[in-house]
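Trainee: Here you go, this is final_20.tsv (TSV, C-alpha atoms).
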```tsv
chain	number	residue	atom	x	y	z
A	1	MET	CA	0.00	0.00	0.00
A	2	GLU	CA	1.24	3.47	-0.89
A	3	ARG	CA	1.94	5.85	1.97
A	4	GLN	CA	-0.37	8.50	0.51
A	5	GLU	CA	-3.24	6.02	0.31
A	6	ALA	CA	-2.75	5.04	3.95
A	7	PHE	CA	-2.52	8.71	4.95
A	8	GLU	CA	-5.83	9.53	3.24
A	9	LYS	CA	-7.57	6.57	4.86
A	10	VAL	CA	-6.22	7.54	8.29
A	11	VAL	CA	-7.55	11.09	7.89
A	12	LYS	CA	-10.91	9.76	6.73
A	13	ILE	CA	-11.17	7.51	9.82
A	14	LEU	CA	-10.14	10.34	12.14
A	15	THR	CA	-12.49	12.94	10.62
A	16	PRO	CA	-15.76	11.96	12.40
A	17	HIS	CA	-13.97	12.42	15.76
A	18	VAL	CA	-12.22	15.71	14.94
A	19	LYS	CA	-13.44	18.71	16.98
A	20	ASN	CA	-11.12	21.24	15.33
A	21	MET	CA	-12.24	20.87	11.71
A	22	LYS	CA	-10.09	23.82	10.64
A	23	ALA	CA	-6.96	21.81	11.46
A	24	LEU	CA	-7.95	19.31	8.78
A	25	ASP	CA	-7.27	21.98	6.11
A	26	SER	CA	-3.55	21.69	6.81
A	27	VAL	CA	-3.36	18.13	8.11
A	28	SER	CA	0.07	16.53	7.69
A	29	ASP	CA	2.26	13.80	9.17
A	30	THR	CA	3.13	16.10	12.08
A	31	THR	CA	-0.47	16.95	13.00
A	32	ASN	CA	-1.06	15.89	16.59
A	33	ILE	CA	-4.27	13.92	17.00
A	34	LEU	CA	-5.21	15.13	20.47
A	35	ASP	CA	-3.64	18.61	20.56
A	36	ASP	CA	-4.24	19.80	16.98
A	37	LEU	CA	-7.28	17.87	15.82
A	38	LYS	CA	-8.80	17.91	19.34
A	39	VAL	CA	-9.93	14.31	19.13
A	40	ASN	CA	-11.28	13.19	22.51
A	41	SER	CA	-8.76	10.74	24.00
A	42	ALA	CA	-11.62	8.35	24.79
A	43	ARG	CA	-12.20	8.07	21.03
A	44	LEU	CA	-8.71	6.70	20.36
A	45	VAL	CA	-9.94	3.18	20.99
A	46	ASP	CA	-12.65	3.67	18.37
A	47	VAL	CA	-10.03	4.97	15.95
A	48	VAL	CA	-7.69	2.03	16.55
A	49	LEU	CA	-10.52	-0.47	16.06
A	50	ALA	CA	-11.42	1.29	12.80
A	51	PHE	CA	-7.77	1.03	11.66
A	52	GLU	CA	-7.81	-2.68	12.42
A	53	ASP	CA	-10.98	-3.19	10.39
A	54	GLU	CA	-9.97	-0.96	7.48
A	55	PHE	CA	-6.44	-2.31	7.07
A	56	ASP	CA	-7.08	-5.86	8.32
A	57	ILE	CA	-4.32	-5.66	10.91
A	58	GLU	CA	-3.95	-6.12	14.68
A	59	ILE	CA	-2.59	-3.26	16.75
A	60	PRO	CA	-1.38	-4.23	20.24
A	61	ASP	CA	-2.28	-1.82	23.02
A	62	GLU	CA	1.38	-1.09	23.75
A	63	ASP	CA	1.83	0.19	20.19
A	64	VAL	CA	-1.12	2.56	20.59
A	65	ASP	CA	0.71	4.30	23.43
A	66	LEU	CA	3.40	5.40	20.95
A	67	VAL	CA	0.97	7.08	18.57
A	68	ASN	CA	0.68	10.86	18.80
A	69	THR	CA	0.51	12.21	15.25
A	70	VAL	CA	-1.18	11.34	11.98
A	71	GLY	CA	2.24	10.28	10.68
A	72	ASP	CA	2.65	7.91	13.64
A	73	CYS	CA	-0.64	6.25	12.63
A	74	VAL	CA	0.46	5.89	9.02
A	75	ASN	CA	3.84	4.46	10.03
A	76	LEU	CA	2.24	1.97	12.41
A	77	ILE	CA	-0.28	0.85	9.80
A	78	LEU	CA	2.35	0.41	7.09
A	79	GLU	CA	4.53	-1.56	9.53
A	80	LYS	CA	1.67	-3.86	10.52
A	81	SER	CA	0.53	-4.28	6.92
A	82	SER	CA	3.91	-5.30	5.59
B	1	MET	CA	-4.22	-11.82	39.23
B	2	SER	CA	-7.47	-12.26	37.36
B	3	THR	CA	-10.59	-12.30	39.54
B	4	VAL	CA	-14.07	-13.44	38.54
B	5	LEU	CA	-16.54	-11.40	40.58
B	6	THR	CA	-20.01	-12.70	41.44
B	7	PRO	CA	-23.08	-10.57	40.63
B	8	GLN	CA	-23.34	-9.71	44.33
B	9	GLN	CA	-19.70	-8.62	44.46
B	10	VAL	CA	-20.17	-6.46	41.39
B	11	LEU	CA	-23.26	-4.84	42.96
B	12	GLY	CA	-21.20	-4.11	46.05
B	13	ARG	CA	-18.59	-2.30	43.98
B	14	ILE	CA	-20.91	-0.03	42.00
B	15	PRO	CA	-20.08	3.44	43.35
B	16	GLN	CA	-23.44	5.06	42.63
B	17	GLN	CA	-25.67	5.04	45.70
B	18	GLU	CA	-29.14	6.28	46.67
B	19	PRO	CA	-30.67	8.49	45.50
B	20	PHE	CA	-28.66	8.06	42.31
B	21	ARG	CA	-28.57	4.32	42.02
B	22	PHE	CA	-30.71	2.72	39.33
B	23	ILE	CA	-29.82	-0.96	39.50
B	24	ASP	CA	-31.37	-3.39	42.02
B	25	GLU	CA	-30.16	-6.80	40.98
B	26	ILE	CA	-27.96	-8.54	38.47
B	27	VAL	CA	-29.76	-11.49	36.96
B	28	LYS	CA	-27.04	-12.72	34.63
B	29	LEU	CA	-23.38	-11.80	34.21
B	30	GLY	CA	-20.66	-13.00	31.91
B	31	ASP	CA	-17.84	-12.07	29.57
B	32	ASP	CA	-20.23	-11.11	26.79
B	33	GLY	CA	-22.90	-9.23	28.66
B	34	ILE	CA	-25.16	-8.62	31.62
B	35	GLU	CA	-28.84	-8.64	32.54
B	36	ALA	CA	-30.15	-6.59	35.43
B	37	ALA	CA	-33.37	-5.21	36.86
B	38	TYR	CA	-34.54	-2.06	38.56
B	39	THR	CA	-37.85	-0.86	39.99
B	40	TRP	CA	-38.39	2.89	39.68
B	41	ARG	CA	-39.21	4.21	43.15
B	42	PRO	CA	-42.67	5.83	43.02
B	43	ASP	CA	-41.66	8.27	45.77
B	44	ALA	CA	-38.52	9.52	43.98
B	45	ASP	CA	-38.26	13.30	44.29
B	46	PHE	CA	-37.76	13.98	40.58
B	47	TYR	CA	-41.28	12.78	39.76
B	48	ARG	CA	-42.65	15.87	41.52
B	49	GLY	CA	-41.27	18.02	38.73
B	50	HIS	CA	-41.18	15.60	35.80
B	51	PHE	CA	-44.05	16.29	35.40
B	52	PRO	CA	-46.46	17.78	37.98
B	53	GLY	CA	-49.59	15.64	37.90
B	54	ASN	CA	-48.16	13.39	35.20
B	55	PRO	CA	-45.04	11.65	36.53
B	56	VAL	CA	-42.79	10.12	33.88
B	57	THR	CA	-39.23	8.83	34.37
B	58	PRO	CA	-36.76	11.30	32.81
B	59	GLY	CA	-34.92	9.97	29.77
B	60	VAL	CA	-31.57	11.02	31.22
B	61	LEU	CA	-32.18	8.74	34.20
B	62	ILE	CA	-33.17	5.88	31.92
B	63	VAL	CA	-29.82	6.35	30.16
B	64	GLU	CA	-28.08	6.55	33.53
B	65	SER	CA	-29.67	3.27	34.58
B	66	MET	CA	-28.56	1.64	31.32
B	67	ALA	CA	-25.04	3.00	31.89
B	68	GLN	CA	-24.90	1.72	35.47
B	69	VAL	CA	-25.69	-1.75	34.14
B	70	GLY	CA	-24.02	-1.90	30.72
B	71	VAL	CA	-20.95	0.22	31.42
B	72	VAL	CA	-20.32	0.41	35.18
B	73	ALA	CA	-21.39	-3.05	36.38
B	74	LEU	CA	-20.18	-4.94	33.32
B	75	GLY	CA	-17.03	-2.79	33.29
B	76	ILE	CA	-16.24	-3.70	36.91
B	77	TYR	CA	-16.63	-7.38	36.08
B	78	LEU	CA	-14.42	-7.16	32.99
B	79	LEU	CA	-11.76	-4.99	34.63
B	80	ALA	CA	-11.49	-7.43	37.56
B	81	LYS	CA	-11.23	-10.35	35.19
B	82	GLU	CA	-8.64	-8.69	32.98
B	83	GLY	CA	-6.58	-7.05	35.68
B	84	SER	CA	-6.61	-7.25	39.43
B	85	ILE	CA	-8.67	-6.07	42.37
B	86	ASP	CA	-5.86	-3.68	43.30
B	87	GLU	CA	-6.01	-2.09	39.86
B	88	LEU	CA	-9.81	-2.01	39.98
B	89	ASN	CA	-9.69	-0.15	43.28
B	90	LYS	CA	-7.64	2.61	41.66
B	91	LEU	CA	-10.12	3.22	38.84
B	92	VAL	CA	-13.45	4.92	38.43
B	93	THR	CA	-15.68	4.38	35.40
B	94	VAL	CA	-16.62	7.50	33.48
B	95	PHE	CA	-19.20	7.87	30.73
B	96	THR	CA	-17.61	8.69	27.36
B	97	ASP	CA	-20.28	8.55	24.68
B	98	VAL	CA	-23.86	7.51	24.09
B	99	GLN	CA	-26.30	7.09	21.24
B	100	VAL	CA	-29.79	5.92	22.10
B	101	ASP	CA	-33.35	5.89	20.82
B	102	PHE	CA	-36.34	6.20	23.12
B	103	SER	CA	-39.39	4.19	22.17
B	104	GLY	CA	-41.60	4.21	25.25
B	105	ILE	CA	-42.22	5.77	28.63
B	106	VAL	CA	-41.51	4.45	32.10
B	107	THR	CA	-44.01	5.29	34.82
B	108	PRO	CA	-43.29	5.37	38.58
B	109	GLY	CA	-43.22	1.90	40.12
B	110	SER	CA	-42.35	0.16	36.85
B	111	ARG	CA	-39.93	-2.74	37.02
B	112	VAL	CA	-37.56	-2.71	34.08
B	113	GLU	CA	-35.07	-5.20	32.72
B	114	ILE	CA	-31.81	-3.91	31.32
B	115	THR	CA	-29.78	-6.09	28.97
B	116	ALA	CA	-26.32	-5.21	27.71
B	117	ARG	CA	-24.14	-6.95	25.17
B	118	LYS	CA	-20.43	-6.16	25.05
B	119	VAL	CA	-19.43	-4.64	21.70
B	120	PHE	CA	-15.78	-4.22	22.65
B	121	PHE	CA	-13.56	-3.91	25.71
B	122	ARG	CA	-10.15	-2.46	24.84
B	123	ARG	CA	-7.71	-0.30	26.75
B	124	ARG	CA	-10.20	-0.05	29.62
B	125	LYS	CA	-12.90	1.28	27.30
B	126	LEU	CA	-16.15	-0.63	27.18
B	127	ARG	CA	-18.89	-0.15	24.60
B	128	SER	CA	-22.13	-2.00	25.10
B	129	GLU	CA	-25.33	-2.34	23.14
B	130	VAL	CA	-27.99	-1.85	25.78
B	131	ASP	CA	-31.76	-1.96	25.94
B	132	MET	CA	-34.31	-1.38	28.67
B	133	LYS	CA	-37.59	-3.28	28.60
B	134	LEU	CA	-40.75	-3.13	30.65
B	135	GLU	CA	-41.98	-6.38	32.21
B	136	ASP	CA	-44.30	-6.96	29.23
B	137	GLY	CA	-41.27	-6.89	26.92
B	138	THR	CA	-41.84	-3.40	25.53
B	139	VAL	CA	-38.50	-1.79	24.69
B	140	VAL	CA	-38.42	1.76	26.07
B	141	CYS	CA	-34.84	2.66	25.17
B	142	SER	CA	-32.02	1.07	23.21
B	143	GLY	CA	-28.64	2.05	21.87
B	144	PHE	CA	-24.91	2.11	22.43
B	145	LEU	CA	-23.19	3.37	25.57
B	146	SER	CA	-19.48	3.61	26.32
B	147	GLY	CA	-17.30	4.34	29.30
B	148	MET	CA	-13.71	4.08	30.45
B	149	GLY	CA	-11.92	3.15	33.60
B	150	VAL	CA	-9.73	6.10	34.58
B	151	PRO	CA	-7.51	6.66	37.63
B	152	LYS	CA	-9.38	8.13	40.61
```
Could the structure of this file be written out as structure tokens, please?
Mentor:
Amino acid sequence: MERQEAFEKVVKILTPHVKNMKALDSVSDTTNILDDLKVNSARLVDVVLAFEDEFDIEIPDEDVDLVNTVGDCVNLILEKSS
Amino acid sequence: MSTVLTPQQVLGRIPQQEPFRFIDEIVKLGDDGIEAAYTWRPDADFYRGHFPGNPVTPGVLIVESMAQVGVVALGIYLLAKEGSIDELNKLVTVFTDVQVDFSGIVTPGSRVEITARKVFFRRRKLRSEVDMKLEDGTVVCSGFLSGMGVPK
């Protein structure tokens, strides 16, 4: 899977949970999910489950703790998909 | 160490107490779900205002009752089973999100049955599909409720 394709899917999955919609206009690898997009931390589990379904992968809880940015999500997904 | 709590032990650990406790008994309890019952106290103070001369159980309290069963009680059971009693003692369950439909009313004195099915339990977050039925089987509210165990 191409990185750009994974990036677009990650943003699409995050979008329903984003409170700061304006931040989506300039979303990039360095966009912080909680601080910039203002996603409620309680929604991270929903997001991870959606990643697992969309990309047909398993993401251990300990890996989730290392995810802060959109780029972190993309990297994790590409790693698990390979 | 994993601990399997009995329904009575789970009831004893639910932090909500009178007059904000809306679960009387746990009928069935397991890894996949829970069944419980509650009888709405006819003398509850909120009926005086909701509504004068026409008491009806407020929808927010119906949701609270469903949360106490499907999120708090089931969450306590699952947390104890997954972790330890020590860890459980350090956590409190908080409501995170809810989406429900109301399809009936609950009058004072009604006994209701609340059934919850676990949708997922990950990273201390529990989402359940919950419904509340009257004794004749009429569904009065159904939907999805979620909560998380967070440090006290």
Trainee: Sorted by chain and rising residue number, which residues of chain B lie within 10 Å of chain A, and what are their closest atom pairs and distances in Å to one decimal, counting all atoms listed in the file, as a tab-separated table?
Mentor:
```
residue	atom	partner	partner_atom	distance
B:Phe95	CA	A:Ala42	CA	9.6
B:Thr96	CA	A:Ala42	CA	6.5
B:Asp97	CA	A:Ala42	CA	8.7
B:Phe120	CA	A:Leu49	CA	9.2
B:Phe121	CA	A:Val45	CA	9.3
B:Arg122	CA	A:Val45	CA	6.8
B:Arg123	CA	A:Asp61	CA	6.8
B:Arg124	CA	A:Val45	CA	9.2
B:Lys125	CA	A:Val45	CA	7.2
B:Leu126	CA	A:Val45	CA	9.6
B:Arg127	CA	A:Asp46	CA	9.6
B:Ser146	CA	A:Ala42	CA	9.3
B:Gly147	CA	A:Ala42	CA	8.3
B:Met148	CA	A:Ala42	CA	7.4
```
Trainee: Point out the residue among B:Val98, B:Thr3, B:Leu91, B:Phe144 with the least atom-to-atom distance to Val60 of chain B, counting only C-alpha atoms.
Mentor: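 For Val60 of chain B, the nearest of the candidates is B:Val98.
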Trainee: The residues within 9 Å of (0.1, 1.4, 3.0), using only C-alpha atoms and the coordinates of the file, should be reported as a PyMOL selection string; which are they?
Mentor: chain A and resi 1-7+55+74-75+77-79+81-82
Trainee: Mind giving me the straight-line distance from atom CA of Ile59 of chain A to atom CA of Val10 of chain A in Å, one decimal?
Mentor: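 Atom CA of Val10 of chain A lies at a distance of 14.2 Å from atom CA of Ile59 of chain A.
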Trainee: Please compute the atom CA of Thr69 of chain A-atom CA of Ile33 of chain A distance, one decimal, in Å.
Mentor: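 Those two atoms sit 5.4 Å apart.
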Trainee: Identify which of the residues B:Asp136, B:Glu82, B:Glu113, B:Asp24 lies closest to Arg41 of chain B, counting only C-alpha atoms when measuring atom-to-atom distances.
Mentor: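 Closest residue, counting only C-alpha atoms: B:Asp24.
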Trainee: What gap, in Å, lies between atom CA of Thr30 of chain A and atom CA of Asn68 of chain A?
Mentor: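 Atom-to-atom, atom CA of Thr30 of chain A and atom CA of Asn68 of chain A are spaced 8.9 Å apart.
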Trainee: Nearest to Val130 of chain B: which of B:Thr107, B:Thr39, B:Asn89, B:Gln68 is it, counting all atoms listed in the file?
Mentor: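 When distances to Val130 of chain B are compared using all atoms listed in the file, the smallest one comes from B:Gln68.
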Trainee: May I ask you to restore N, CA and C atoms in segment 87-116 of chain B and write the result as a compact mmCIF listing (two decimals), keeping the file's coordinate frame?
Mentor:
```txt
# COMPACT_ATOMS: atom_id res chain seq x y z
N GLU B 87 -5.89 -3.03 40.97
CA GLU B 87 -6.01 -2.09 39.86
C GLU B 87 -7.44 -1.54 39.81
N LEU B 88 -8.40 -2.42 40.00
CA LEU B 88 -9.81 -2.01 39.98
C LEU B 88 -10.09 -0.94 41.03
N ASN B 89 -9.47 -1.11 42.19
CA ASN B 89 -9.69 -0.15 43.28
C ASN B 89 -9.15 1.24 42.96
N LYS B 90 -8.25 1.32 42.01
CA LYS B 90 -7.64 2.61 41.66
C LYS B 90 -8.39 3.33 40.54
N LEU B 91 -9.42 2.67 40.00
CA LEU B 91 -10.12 3.22 38.84
C LEU B 91 -11.55 3.62 39.16
N VAL B 92 -12.03 4.58 38.39
CA VAL B 92 -13.45 4.92 38.43
C VAL B 92 -13.93 4.91 36.98
N THR B 93 -15.15 4.44 36.77
CA THR B 93 -15.68 4.38 35.40
C THR B 93 -16.37 5.68 35.06
N VAL B 94 -15.97 6.27 33.93
CA VAL B 94 -16.62 7.50 33.48
C VAL B 94 -17.30 7.25 32.13
N PHE B 95 -18.42 7.91 31.95
CA PHE B 95 -19.20 7.87 30.73
C PHE B 95 -18.40 8.57 29.62
N THR B 96 -18.31 8.00 28.44
CA THR B 96 -17.61 8.69 27.36
C THR B 96 -18.51 9.07 26.19
N ASP B 97 -19.40 8.20 25.78
CA ASP B 97 -20.28 8.55 24.68
C ASP B 97 -21.52 7.67 24.68
N VAL B 98 -22.57 8.21 24.07
CA VAL B 98 -23.86 7.51 24.09
C VAL B 98 -24.66 7.85 22.85
N GLN B 99 -25.36 6.85 22.34
CA GLN B 99 -26.30 7.09 21.24
C GLN B 99 -27.48 6.16 21.47
N VAL B 100 -28.62 6.75 21.79
CA VAL B 100 -29.79 5.92 22.10
C VAL B 100 -31.04 6.43 21.40
N ASP B 101 -32.01 5.54 21.29
CA ASP B 101 -33.35 5.89 20.82
C ASP B 101 -34.33 5.55 21.93
N PHE B 102 -35.27 6.46 22.16
CA PHE B 102 -36.34 6.20 23.12
C PHE B 102 -37.57 5.74 22.35
N SER B 103 -38.23 4.71 22.89
CA SER B 103 -39.39 4.19 22.17
C SER B 103 -40.58 3.93 23.10
N GLY B 104 -40.49 4.40 24.33
CA GLY B 104 -41.60 4.21 25.25
C GLY B 104 -41.37 5.03 26.50
N ILE B 105 -42.37 5.03 27.38
CA ILE B 105 -42.22 5.77 28.63
C ILE B 105 -42.20 4.79 29.81
N VAL B 106 -41.61 5.26 30.89
CA VAL B 106 -41.51 4.45 32.10
C VAL B 106 -42.20 5.22 33.22
N THR B 107 -43.24 4.62 33.77
CA THR B 107 -44.01 5.29 34.82
C THR B 107 -43.48 4.88 36.20
N PRO B 108 -43.77 5.69 37.22
CA PRO B 108 -43.29 5.37 38.58
C PRO B 108 -43.76 3.98 39.01
N GLY B 109 -42.88 3.23 39.64
CA GLY B 109 -43.22 1.90 40.12
C GLY B 109 -42.94 0.79 39.11
N SER B 110 -42.61 1.17 37.88
CA SER B 110 -42.35 0.16 36.85
C SER B 110 -41.08 -0.62 37.16
N ARG B 111 -41.15 -1.93 36.94
CA ARG B 111 -39.93 -2.74 37.02
C ARG B 111 -39.41 -2.89 35.59
N VAL B 112 -38.14 -2.61 35.42
CA VAL B 112 -37.56 -2.71 34.08
C VAL B 112 -36.41 -3.71 34.08
N GLU B 113 -36.19 -4.28 32.91
CA GLU B 113 -35.07 -5.20 32.72
C GLU B 113 -34.10 -4.55 31.76
N ILE B 114 -32.84 -4.54 32.15
CA ILE B 114 -31.81 -3.91 31.32
C ILE B 114 -30.86 -5.02 30.86
N THR B 115 -30.67 -5.08 29.55
CA THR B 115 -29.78 -6.09 28.97
C THR B 115 -28.68 -5.40 28.19
N ALA B 116 -27.45 -5.81 28.42
CA ALA B 116 -26.32 -5.21 27.71
C ALA B 116 -25.45 -6.30 27.10
```
